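> Take a look at this one; I'll ask things after.
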Amino acid sequence: MCISLLRRINYSLVSYSTFKMVSRQSSDINKFKDALRAAKNIVILSGAGISAESGIPTFRGAGGLWRKYQASALATPEAFKTSPSLVWEFYHYRREVAAKAQPNAGHIAIANYETKYGSEKIITVITQNVDGLHVRAGTKNLIELHGNLYKTRCTKCKEVLVNTDSPICPALENRGAPDANVVGSDILIKELPHCKKCSGLLRPHIVWFGESLDPDVLKKAGDTMESCDVCLVVGTSSVVYPAALFAPQAAARGAVVAEFNIEPTPATHDFQFYFEGPCGTTLPTVLEV
Ligand code: BJW
Ligand code: ZN
């Protein structure tokens, strides 16, 4: 890993707020479109910002709290061990919100671009999102880095299954209210979702803080990043690792990288292009087919 990337990890941990104050003008869209036309292998790396216009709160923006908790307090193996009931309420709420949400113009622009150019270029979406909206928009070639809200994993036999039930178990019916004044969670463990094969407690198939990403998924994403010639970094704060390293590493080896965000991030200055604004507006303009 090069020194400048190591330095940036350090910076992003200690002074994200300082970076947020640095502004940068949007780049020349036609120059980026030229690079896109010439590209053979394109990666779109997305984060929570792409789903913001579908009504799904981002992690680090306003609305990132559930009750009094940051996601970083609930999306951990420790929180699940202490209170699986509370964590399941949080995920039940998130599953319901995402199920009601619709893919927006940003998701759709990406899916349409793949449909139109997918036979002549390699186009891969690598998403940190767990909401399933890229697939619902029609994206086919997708790597979900952090898992999926509608998959469960058995804590005992480790089986991963798709589960779109609403609610996922009767005890979660009418639970998960996000209001700050709701305290605690008292669902008995035996009433939470359990594995049909081995009776183990199920958990969301999501990569929580401090957990390693699935090595196969990480390798696939790493290989894809290494072979891309153009990368679009869409709606991510670029502060969560290892995903935060992907695009700066691609830029460092000479790939053309463009960031789409409503504000600069700690990674903005690593990239050749920056397009400021809601990606439901900027992406359709850049990817128009
Ligand atoms: C718009 C917009 C619009 C808004 N249009 N834009 C190396 C260095 C330092 C720390 C670590 C490291 N390696 C690992 C760590 C620790 C940790 C980490 O990175 N912590 C950081 C916070 C410092 N990483 C891990 O624990 C990872 N595990 C790992 O690497 O294991 C090995 C290891 C462990 C520990 C130490 C060392 C090695 C796992 C990370 C898994 C991330 N999981 C989460 C939670 C999922 C839970 C859930 O969803 O239920 O995934 S964290 C959360 O952040 C979620 C997201 O996928 C992820 C990224 O967030 P994202 O998508 O960028 O969202 P936001 O909200 O941050 O940003 C939104 C952006 O959109 C903003 O920029 C807005 O401006 C923008 N925006 N509207 C365009 N309309
Ligand atoms: Zn099991």
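Ordering of the structure tokens sets the chain letters (A, B, ...); residue numbers start at 1 within each chain; ligands are numbered from 1 in the order shown.
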Pick out the residues no farther than 7 Å from ligand 1, counting only C-alpha atoms and all ligand atoms, and list them as a PyMOL selection string.

chain A and resi 9+13+46-50+52-53+58-61+71-72+75+91+128-130+146+206-213+234-242+260-263+265+277-280

> Could you please take those selected residues and save C-alpha atoms as a compact mmCIF listing (two decimals), in the first residue's frame?


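Written out: selection_17.txt:
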# COMPACT_ATOMS: atom_id res chain seq x y z
CA ILE A 9 -6.45 6.44 6.17
CA LEU A 13 -9.86 8.79 10.87
CA SER A 46 -21.68 2.75 -4.83
CA GLY A 47 -22.55 3.67 -1.27
CA ALA A 48 -25.54 4.80 0.76
CA GLY A 49 -25.81 8.14 -1.07
CA ILE A 50 -27.17 6.45 -4.20
CA ALA A 52 -30.73 8.53 -0.36
CA GLU A 53 -33.08 9.76 -3.09
CA THR A 58 -27.36 7.35 4.81
CA PHE A 59 -25.16 6.22 7.69
CA ARG A 60 -23.28 9.39 8.43
CA GLY A 61 -25.87 11.98 7.39
CA ALA A 71 -25.52 2.05 13.10
CA SER A 72 -21.96 1.49 14.36
CA ALA A 75 -24.07 -3.37 13.46
CA TYR A 91 -32.91 -4.89 10.92
CA GLN A 128 -21.51 -1.31 -0.13
CA ASN A 129 -25.30 -1.13 0.13
CA VAL A 130 -27.41 -3.90 1.56
CA HIS A 146 -21.39 -5.88 2.82
CA ILE A 206 -24.40 -8.45 6.71
CA VAL A 207 -20.76 -7.55 7.34
CA TRP A 208 -20.77 -5.81 10.68
CA PHE A 209 -18.02 -3.53 12.02
CA GLY A 210 -14.94 -5.47 13.00
CA GLU A 211 -15.97 -8.47 10.87
CA SER A 212 -14.00 -9.52 7.85
CA LEU A 213 -15.58 -9.33 4.43
CA VAL A 234 -21.06 7.15 -6.28
CA GLY A 235 -22.57 8.34 -2.99
CA THR A 236 -20.00 7.02 -0.55
CA SER A 237 -18.20 8.91 2.20
CA SER A 238 -15.10 6.75 1.49
CA VAL A 239 -14.35 6.30 5.19
CA VAL A 240 -15.16 2.62 5.69
CA TYR A 241 -12.41 0.14 4.94
CA PRO A 242 -11.54 -1.87 3.00
CA PHE A 260 -20.33 11.65 -7.70
CA ASN A 261 -21.39 13.13 -4.39
CA ILE A 262 -23.30 16.04 -2.88
CA GLU A 263 -20.14 17.12 -1.09
CA THR A 265 -15.05 13.44 0.75
CA GLY A 277 -24.88 17.07 -6.86
CA PRO A 278 -27.49 14.42 -6.15
CA CYS A 279 -26.52 11.37 -8.18
CA GLY A 280 -30.15 10.89 -9.25

> Return as a Markdown table the residues of chain A lying at most 12 Å from ligand 2, together with the closest atom-to-atom pair for each and the distance in Å to one decimal, counting only C-alpha atoms and all ligand atoms, with rows in chain order and ascending residue number.


| residue | atom | partner | partner_atom_place_in_ligand_line | distance |
| --- | --- | --- | --- | --- |
| A:Thr152 | CA | ligand 2 | 1 (Zn) | 10.2 |
| A:Arg153 | CA | ligand 2 | 1 (Zn) | 7.9 |
| A:Cys154 | CA | ligand 2 | 1 (Zn) | 4.6 |
| A:Thr155 | CA | ligand 2 | 1 (Zn) | 6.8 |
| A:Lys156 | CA | ligand 2 | 1 (Zn) | 5.2 |
| A:Cys157 | CA | ligand 2 | 1 (Zn) | 4.0 |
| A:Lys158 | CA | ligand 2 | 1 (Zn) | 6.0 |
| A:Glu159 | CA | ligand 2 | 1 (Zn) | 5.8 |
| A:Val160 | CA | ligand 2 | 1 (Zn) | 8.8 |
| A:Leu161 | CA | ligand 2 | 1 (Zn) | 10.2 |
| A:Pro193 | CA | ligand 2 | 1 (Zn) | 10.9 |
| A:His194 | CA | ligand 2 | 1 (Zn) | 7.7 |
| A:Cys195 | CA | ligand 2 | 1 (Zn) | 4.6 |
| A:Lys196 | CA | ligand 2 | 1 (Zn) | 6.8 |
| A:Lys197 | CA | ligand 2 | 1 (Zn) | 5.3 |
| A:Cys198 | CA | ligand 2 | 1 (Zn) | 4.2 |
| A:Ser199 | CA | ligand 2 | 1 (Zn) | 5.8 |
| A:Gly200 | CA | ligand 2 | 1 (Zn) | 4.9 |
| A:Leu201 | CA | ligand 2 | 1 (Zn) | 7.5 |
| A:Leu202 | CA | ligand 2 | 1 (Zn) | 7.6 |
| A:Arg203 | CA | ligand 2 | 1 (Zn) | 10.6 |

> Considering only C-alpha atoms, can you say which of A:Ala171, A:Ala98, A:Ala180, A:Ala243 comes closest to Gly222 in chain A?

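Of all the options, A:Ala243 lies closest to Gly222 in chain A.
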
> CA of Ala79 in chain A to CA of Asp179 in chain A: how many Å, to one decimal?

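Atom-to-atom, CA of Ala79 in chain A to CA of Asp179 in chain A, that is 19.1 Å.
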
> For a test of reading the model, state the distance in Å between CA of Leu86 in chain A and CA of Ser54 in chain A, rounded to one decimal.

25.3 Å

> Quick one: residues within 9 Å of range 24-26 of chain A, only C-alpha atoms counted, chain neighbours fewer than 2 positions away excluded, as a short mmCIF file (atom, residue, chain, number, x, y, z; two decimals) with N, CA, C and O atoms, in the first residue's frame?


data_model
loop_
_atom_site.label_atom_id
_atom_site.label_comp_id
_atom_site.auth_asym_id
_atom_site.auth_seq_id
_atom_site.Cartn_x
_atom_site.Cartn_y
_atom_site.Cartn_z
N VAL A 22 -13.44 21.35 2.58
CA VAL A 22 -12.71 21.67 1.35
C VAL A 22 -13.66 21.53 0.17
O VAL A 22 -14.23 20.47 -0.03
N ASP A 28 -15.18 18.79 -15.94
CA ASP A 28 -15.72 18.90 -17.30
C ASP A 28 -16.39 17.57 -17.68
O ASP A 28 -15.72 16.55 -17.85
N ILE A 29 -17.68 17.62 -17.82
CA ILE A 29 -18.45 16.39 -18.05
C ILE A 29 -18.10 15.75 -19.40
O ILE A 29 -18.05 14.51 -19.52
N GLU A 263 -21.19 16.32 -1.73
CA GLU A 263 -20.14 17.12 -1.09
C GLU A 263 -18.81 16.38 -1.21
O GLU A 263 -18.79 15.15 -1.40
N PRO A 264 -17.69 17.10 -1.10
CA PRO A 264 -16.40 16.41 -1.19
C PRO A 264 -16.21 15.43 -0.04
O PRO A 264 -16.84 15.56 1.01
N THR A 268 -11.79 12.79 -2.41
CA THR A 268 -12.04 13.61 -3.61
C THR A 268 -10.74 13.99 -4.34
O THR A 268 -10.66 13.91 -5.56
N HIS A 269 -9.75 14.39 -3.57
CA HIS A 269 -8.53 14.90 -4.21
C HIS A 269 -7.64 13.80 -4.78
O HIS A 269 -6.65 14.08 -5.44
N PHE A 273 -11.79 13.30 -11.60
CA PHE A 273 -13.05 13.99 -11.86
C PHE A 273 -13.93 14.00 -10.60
O PHE A 273 -13.93 13.03 -9.83
N TYR A 274 -14.67 15.09 -10.45
CA TYR A 274 -15.60 15.21 -9.32
C TYR A 274 -16.87 15.87 -9.83
O TYR A 274 -16.81 16.97 -10.41
N PHE A 275 -18.01 15.21 -9.64
CA PHE A 275 -19.29 15.78 -10.06
C PHE A 275 -20.18 15.97 -8.84
O PHE A 275 -20.65 14.99 -8.24
N GLU A 276 -20.39 17.24 -8.50
CA GLU A 276 -21.14 17.54 -7.28
C GLU A 276 -22.63 17.62 -7.59
O GLU A 276 -23.02 18.21 -8.58
N GLY A 277 -23.43 17.01 -6.71
CA GLY A 277 -24.88 17.07 -6.86
C GLY A 277 -25.48 15.72 -6.55
O GLY A 277 -24.77 14.72 -6.42
#
